[in-house]
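Q: Sharing target_38.txt (compact mmCIF, C-alpha atoms and all ligand atoms) below.
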# COMPACT_ATOMS: atom_id res chain seq x y z
CA MET A 1229 132.36 75.15 112.00
CA ARG A 1230 130.99 74.23 115.38
CA GLN A 1231 129.51 77.72 115.72
CA GLU A 1232 127.88 77.48 112.27
CA THR A 1233 126.36 74.18 113.23
CA GLY A 1234 125.04 75.77 116.41
CA THR A 1235 123.54 78.64 114.39
CA GLU A 1236 121.94 76.21 111.98
CA SER A 1237 120.58 74.29 114.93
CA ARG A 1238 119.07 77.42 116.44
CA ARG A 1239 117.56 78.35 113.08
CA GLY A 1240 116.14 74.86 112.81
CA ALA A 1241 114.66 75.14 116.28
CA LYS A 1242 113.19 78.53 115.38
CA ARG A 1243 111.63 77.10 112.23
CA ASP A 1244 110.13 74.25 114.25
CA THR A 1245 108.72 76.73 116.75
CA VAL A 1246 107.22 78.83 113.95
CA ARG A 1247 105.75 75.68 112.41
CA ARG A 1248 104.25 74.62 115.72
CA LEU A 1249 102.81 78.11 116.31
CA SER A 1250 101.36 78.10 112.79
CA LEU A 1251 99.70 74.76 113.43
CA LEU A 1252 98.39 76.06 116.74
CA ALA A 1253 97.06 79.20 115.02
CA VAL A 1254 95.15 77.08 112.51
CA GLY A 1255 93.44 75.48 115.46
CA PHE A 1256 91.95 78.78 116.56
CA GLY A 1257 88.71 79.66 114.83
CA THR A 1258 89.67 83.33 114.75
CA ALA A 1259 92.65 82.57 112.52
CA LEU A 1260 90.54 80.99 109.81
CA PRO A 1261 88.91 84.19 108.47
CA LEU A 1262 92.38 85.76 108.23
CA ILE A 1263 93.66 82.84 106.21
CA ALA A 1264 90.54 82.84 104.01
CA SER A 1265 90.95 86.58 103.49
CA ALA A 1266 94.59 86.16 102.46
CA GLN A 1267 93.60 83.46 99.99
CA ALA A 1268 90.86 85.70 98.56
CA SER A 1269 93.42 88.47 98.00
CA VAL A 1270 95.74 86.11 96.18
CA GLY A 1271 92.81 84.92 94.09
CA ALA A 1272 91.90 88.48 93.13
CA VAL A 1273 95.41 89.13 91.87
CA ALA A 1274 95.60 85.85 89.98
CA ALA A 1275 92.26 86.17 88.23
CA SER A 1276 93.27 89.05 85.98
CA GLY A 1277 90.24 90.57 84.30
CA GLY A 1278 87.84 88.25 86.08
CA PRO A 1279 85.37 88.92 88.86
CA ALA A 1280 86.89 90.23 92.06
CA PRO A 1281 86.17 87.75 94.83
CA GLY A 1282 85.94 88.61 98.49
CA PRO A 1283 83.99 91.23 100.39
CA ALA A 1284 84.02 94.98 99.93
CA ASN A 1285 86.06 95.03 96.74
CA ASN A 1286 84.02 97.81 95.14
CA CYS A 1287 84.48 101.14 96.88
CA VAL A 1288 83.01 104.61 96.32
CA VAL A 1289 84.60 107.86 97.47
CA ASP A 1290 83.06 111.33 97.35
CA VAL A 1291 85.42 114.16 96.52
CA THR A 1292 84.93 117.89 96.65
CA GLY A 1293 86.66 120.46 94.48
CA GLY A 1294 90.41 120.80 94.95
CA ALA A 1295 92.38 118.64 97.37
CA ASN A 1296 90.77 115.78 99.25
CA THR A 1297 92.48 114.08 102.16
CA PRO A 1298 91.79 111.88 103.95
CA VAL A 1299 89.05 110.12 102.02
CA THR A 1300 86.17 108.13 103.45
CA GLU A 1301 85.34 105.04 101.47
CA HIS A 1302 82.03 103.23 101.21
CA CYS A 1303 82.80 99.67 100.13
CA PHE A 1304 80.51 96.96 98.78
CA SER A 1305 80.85 93.33 97.83
CA THR A 1306 79.43 93.87 94.34
CA PHE A 1307 79.79 96.52 91.62
CA THR A 1308 75.98 96.60 91.49
CA GLU A 1309 75.80 97.87 95.07
CA ALA A 1310 78.65 100.35 94.53
CA ILE A 1311 76.94 101.92 91.50
CA ARG A 1312 73.59 101.98 93.27
CA PHE A 1313 75.26 103.96 96.05
CA ALA A 1314 77.30 106.13 93.67
CA THR A 1315 74.21 107.15 91.68
CA ASP A 1316 72.01 107.67 94.75
CA GLY A 1317 69.80 104.80 93.65
CA ALA A 1318 69.38 105.97 90.04
CA ILE A 1319 71.13 102.85 88.69
CA THR A 1320 70.10 99.71 90.53
CA ASP A 1321 70.88 97.06 87.92
CA ALA A 1322 74.60 97.51 87.17
CA PRO A 1323 76.39 94.18 86.67
CA ALA A 1324 77.88 92.40 89.68
CA THR A 1325 81.48 92.97 88.62
CA ALA A 1326 83.25 96.08 87.38
CA VAL A 1327 84.55 94.35 84.25
CA GLU A 1328 81.01 93.44 83.20
CA GLY A 1329 79.97 97.06 83.82
CA VAL A 1330 82.42 98.30 81.20
CA GLU A 1331 80.57 96.31 78.53
CA ASP A 1332 77.11 97.30 79.74
CA PRO A 1333 75.74 99.88 77.23
CA ALA A 1334 72.86 100.90 79.48
CA LEU A 1335 75.20 101.64 82.38
CA ASN A 1336 77.59 103.58 80.15
CA ALA A 1337 74.71 105.59 78.72
CA LEU A 1338 73.60 106.56 82.22
CA LEU A 1339 77.07 107.33 83.55
CA GLY A 1340 77.94 109.31 80.43
CA SER A 1341 80.66 109.31 77.80
CA SER A 1342 84.36 109.33 78.54
CA GLU A 1343 84.84 111.80 75.70
CA LYS A 1344 85.91 115.27 76.72
CA ALA A 1345 84.03 118.30 75.45
CA THR A 1346 86.04 121.01 73.77
CA GLY A 1347 85.43 124.70 73.40
CA THR A 1348 82.54 125.51 75.69
CA GLU A 1349 82.53 124.94 79.41
CA PRO A 1350 80.26 122.10 80.53
CA ALA A 1351 77.21 122.84 82.60
CA PRO A 1352 77.45 122.08 86.31
CA ALA A 1353 75.61 119.08 87.69
CA ALA A 1354 71.90 119.71 87.98
CA ASP A 1355 70.02 119.67 91.29
CA GLY A 1356 73.15 119.10 93.38
CA ALA A 1357 73.40 115.42 92.50
CA LEU A 1358 76.87 113.88 92.71
CA LEU A 1359 78.34 112.63 89.44
CA VAL A 1360 80.68 109.71 88.84
CA ILE A 1361 83.91 111.37 87.64
CA GLY A 1362 86.09 108.27 87.28
CA ILE A 1363 86.48 104.59 88.05
CA GLU A 1364 89.87 103.02 88.84
CA TYR A 1365 90.40 99.27 88.42
CA GLU A 1366 92.70 96.79 90.08
CA HIS A 1367 93.46 94.83 86.90
CA ILE A 1368 94.03 95.69 83.25
CA ASN A 1369 90.98 95.84 80.96
CA TYR A 1370 88.85 97.26 83.80
CA GLY A 1371 88.94 94.06 85.86
CA GLY A 1372 89.14 93.10 89.50
CA ALA A 1373 88.29 95.42 92.37
CA SER A 1374 86.91 98.85 91.50
CA PHE A 1375 87.27 102.29 93.06
CA THR A 1376 84.59 104.79 91.97
CA PHE A 1377 84.99 108.52 92.59
CA ARG A 1378 82.18 111.04 92.42
CA GLY A 1379 82.05 114.79 92.74
CA PRO A 1380 79.55 117.67 92.65
CA ARG A 1381 80.19 118.85 89.08
CA ARG A 1382 81.64 117.99 85.71
CA CYS A 1383 85.30 118.73 85.10
CA THR A 1384 86.05 121.89 83.15
CA SER A 1385 87.40 121.15 79.68
CA PRO A 1386 90.90 122.66 79.98
CA THR A 1387 93.43 120.37 81.69
CA THR A 1388 95.53 123.31 82.81
CA ASP A 1389 93.54 123.45 86.05
CA VAL A 1390 92.85 120.87 88.79
CA ASP A 1391 89.17 120.01 89.20
CA TYR A 1392 89.63 117.24 91.80
CA SER A 1393 92.54 115.61 93.58
CA VAL A 1394 92.84 112.81 96.11
CA ASN A 1395 95.52 110.90 97.98
CA LEU A 1396 94.65 107.22 97.59
CA PRO A 1397 94.06 105.20 100.76
CA ARG A 1398 96.99 102.88 101.43
CA ILE A 1399 95.05 99.78 100.34
CA TRP A 1400 94.94 101.26 96.81
CA TRP A 1401 98.61 102.20 96.60
CA ASP A 1402 100.49 100.62 93.67
CA ARG A 1403 97.39 98.70 92.60
CA ILE A 1404 95.67 100.55 89.73
CA SER A 1405 96.04 98.89 86.32
CA SER A 1406 93.31 100.59 84.25
CA PHE A 1407 90.81 103.47 84.55
CA LYS A 1408 87.81 105.16 82.97
CA ASN A 1409 86.73 108.79 82.97
CA PHE A 1410 83.26 110.32 83.22
CA ALA A 1411 81.73 113.79 83.62
CA ASN A 1412 84.14 115.44 81.16
CA CYS A 1413 87.17 114.56 83.31
CA TYR A 1414 90.60 113.26 82.34
CA THR A 1415 92.75 111.55 84.98
CA ASN A 1416 96.37 112.15 86.01
CA HIS A 1417 98.06 109.40 88.08
CA TYR A 1418 101.02 110.24 90.33
CA ALA A 1419 103.57 107.69 91.51
CA TYR A 1420 103.70 109.20 95.00
CA THR A 1421 101.27 110.72 97.50
CA ASN A 1422 100.63 114.45 97.51
CA PHE A 1423 100.90 114.57 93.70
CA ILE A 1424 104.65 114.18 93.61
CA PRO A 1425 105.78 113.15 90.12
CA PRO A 1426 106.50 111.22 88.03
CA ALA A 1427 102.96 111.34 86.69
CA THR A 1428 101.08 110.18 83.60
CA GLY A 1429 99.64 113.59 82.70
CA TYR A 1430 95.89 113.92 82.09
CA LEU A 1431 94.67 110.98 80.01
CA ASN A 1432 91.43 109.55 78.68
CA ASP A 1433 90.42 105.94 79.48
CA ARG A 1434 93.25 103.40 79.52
CA PRO A 1435 92.66 99.62 79.57
CA VAL A 1436 96.39 99.36 80.35
CA MET A 1437 98.41 101.96 82.22
CA PRO A 1438 100.91 103.77 79.99
CA ILE A 1439 104.68 103.62 79.89
CA ILE A 1440 105.96 107.20 79.98
CA ASN A 1441 109.65 108.11 79.71
CA GLY A 1442 110.51 104.46 80.32
CA ARG A 1443 108.41 104.21 83.51
CA ASN A 1444 105.58 101.69 83.55
CA PHE A 1445 102.70 103.17 85.54
CA ASN A 1446 101.02 99.79 86.07
CA ASP A 1447 100.54 99.33 89.84
CA ASP A 1448 102.32 102.63 90.36
CA ALA A 1449 99.77 105.28 91.49
CA ARG A 1450 99.41 106.73 95.00
CA SER A 1451 97.56 109.98 94.27
CA ILE A 1452 95.24 111.16 91.51
CA ARG A 1453 94.04 114.41 89.99
CA TRP A 1454 91.17 114.97 87.57
CA SER A 1455 90.66 117.86 85.15
CA CA A 1501 96.93 95.99 89.46
CA CA A 1502 89.68 121.09 83.93
Is it possible to express this structure as structure tokens?
Ligand SMILES: [Ca+2]
Ligand SMILES: [Ca+2]
A:
Amino acid sequence: MRQETGTESRRGAKRDTVRRLSLLAVGFGTALPLIASAQASVGAVAASGGPAPGPANNCVVDVTGGANTPVTEHCFSTFTEAIRFATDGAITDAPATAVEGVEDPALNALLGSSEKATGTEPAPAADGALLVIGIEYEHINYGGASFTFRGPRRCTSPTTDVDYSVNLPRIWWDRISSFKNFANCYTNHYAYTNFIPPATGYLNDRPVMPIINGRNFNDDARSIRWS
């Protein structure tokens, strides 16, 4: 009993110390951006489907054929800037947030349909321009932060091959809640890095990640393939 009381006392002292250190930390100017950043992250999670607050929430990654690791991201504070970068300046007026972009007919017309061609093989991208092949979203219904991938050519129609594949950077692990396809690609999400299953299989656009064999793939992807 005496020992328990002593332990409780030490715990109490530790809590007090932590509290004092926390208060001290608040006093340092350098701690404030960290706290603001943490609050912005919480806000982004809470505001499902709404604009993604905070800096650099809209990233673009270029992939080449086959496996891609590690990836180099280019991140922007608005979806407008991300799409301007992703299209090499061809689209300069995309909406500020990814969720608005989904409902923008002009943007969708320029990026191309999510529908997959059947039968004939699609033509490769003209003049070496990079194409948007898919956009991953933090929230359901294409909301929150966005992660745009682009590659040098359209996906081939059969999904028995792998046109592109990428291990997600750690900040995007277990975060994807919806996705869209472009450039004749379908997307396959894997629960683990290095394309270790379980996986969704190649799918067209999903405003909500599927439940497959009892596993809910919401916030459950760490690597992706396109075909
Ligand atoms: Ca999510
Ligand atoms: Ca293919």
Q: Residues contacting ligand CA 1501 (chain A) - anything with an atom at most 9 Å away, using all atoms listed in the file - can you give me those as a tab-separated table (two decimals) with C-alpha atoms, in the coordinates of the input?
A:
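Final file, result_29.tsv:
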chain	number	residue	atom	x	y	z
A	1273	VAL	CA	95.41	89.13	91.87
A	1276	SER	CA	93.27	89.05	85.98
A	1365	TYR	CA	90.40	99.27	88.42
A	1366	GLU	CA	92.70	96.79	90.08
A	1367	HIS	CA	93.46	94.83	86.90
A	1368	ILE	CA	94.03	95.69	83.25
A	1371	GLY	CA	88.94	94.06	85.86
A	1372	GLY	CA	89.14	93.10	89.50
A	1402	ASP	CA	100.49	100.62	93.67
A	1403	ARG	CA	97.39	98.70	92.60
A	1404	ILE	CA	95.67	100.55	89.73
A	1405	SER	CA	96.04	98.89	86.32
A	1406	SER	CA	93.31	100.59	84.25
A	1446	ASN	CA	101.02	99.79	86.07
A	1447	ASP	CA	100.54	99.33	89.84
A	1448	ASP	CA	102.32	102.63	90.36
Q: Between A:Phe1313, A:Phe1423, A:Tyr1414, A:Phe1445, which one has atoms that come closest to ligand CA 1502 (chain A), using all atoms listed in the file?
A: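 Comparing A:Phe1313, A:Phe1423, A:Tyr1414, A:Phe1445 against ligand CA 1502 (chain A), the winner is A:Tyr1414.
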Q: Pick out the residues no farther than 8 Å from ligand CA 1502 (chain A), counting all atoms listed in the file, and list them as a PyMOL selection string.
A: chain A and resi 1383-1391+1413+1454-1455
Q: Go through A:Met1437, A:Asn1286, A:Gly1429, A:Pro1380 and flag the residue nearest Ala1326 of chain A, using all atoms listed in the file for the distances.
A: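 Counting all atoms listed in the file, the residue closest to Ala1326 of chain A is A:Asn1286.
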Q: Using Å and a single decimal, report how far atom CA of Thr1308 of chain A sits from atom CA of Ala1322 of chain A.
A: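 Atom-to-atom, atom CA of Ala1322 of chain A to atom CA of Thr1308 of chain A, that is 4.6 Å.
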Q: Hey, which of A:Ala1427, A:Ile1361, A:Ala1334, A:Ala1345 ends up closest to Val1288 of chain A? Count all atoms listed in the file.
A: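 Comparing A:Ala1427, A:Ile1361, A:Ala1334, A:Ala1345 against Val1288 of chain A, the winner is A:Ile1361.
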Q: Using all atoms listed in the file, can you tell me which of A:Leu1338, A:Gly1294, A:Phe1375, A:Leu1359 comes closest to Thr1306 of chain A?
A: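 Of all the options, A:Phe1375 lies closest to Thr1306 of chain A.
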Q: Mind giving me the straight-line distance from atom CA of Leu1431 of chain A to atom CA of Val1394 of chain A in Å, one decimal?
A: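 A separation of 16.3 Å between them.
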Q: Hey, which of A:Arg1382, A:Pro1438, A:Leu1396, A:Asn1336 ends up closest to Tyr1420 of chain A? Count all atoms listed in the file.
A: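 Of A:Arg1382, A:Pro1438, A:Leu1396, A:Asn1336, the one nearest Tyr1420 of chain A is A:Leu1396, counting all atoms listed in the file.
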Q: So how many Å separate atom CA of Arg1381 of chain A and atom CA of Ala1357 of chain A, to one decimal?
A: 8.3 Å
Q: Find the residues near Thr1300 of chain A: any atom within 12 Å, counting only C-alpha atoms, skip ones fewer than 2 places away on the same chain, and give them as an MDAnalysis selection string.
A: chainID A and resid 1287:1292 1296:1298 1302:1303 1375 1377 1394:1397
Q: Which residue out of A:Leu1335, A:Ala1314, A:Ile1319, A:Val1330 has the minimum interatomic distance to Leu1358 of chain A when all atoms listed in the file are used?
A: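 Of A:Leu1335, A:Ala1314, A:Ile1319, A:Val1330, the one nearest Leu1358 of chain A is A:Ala1314, counting all atoms listed in the file.
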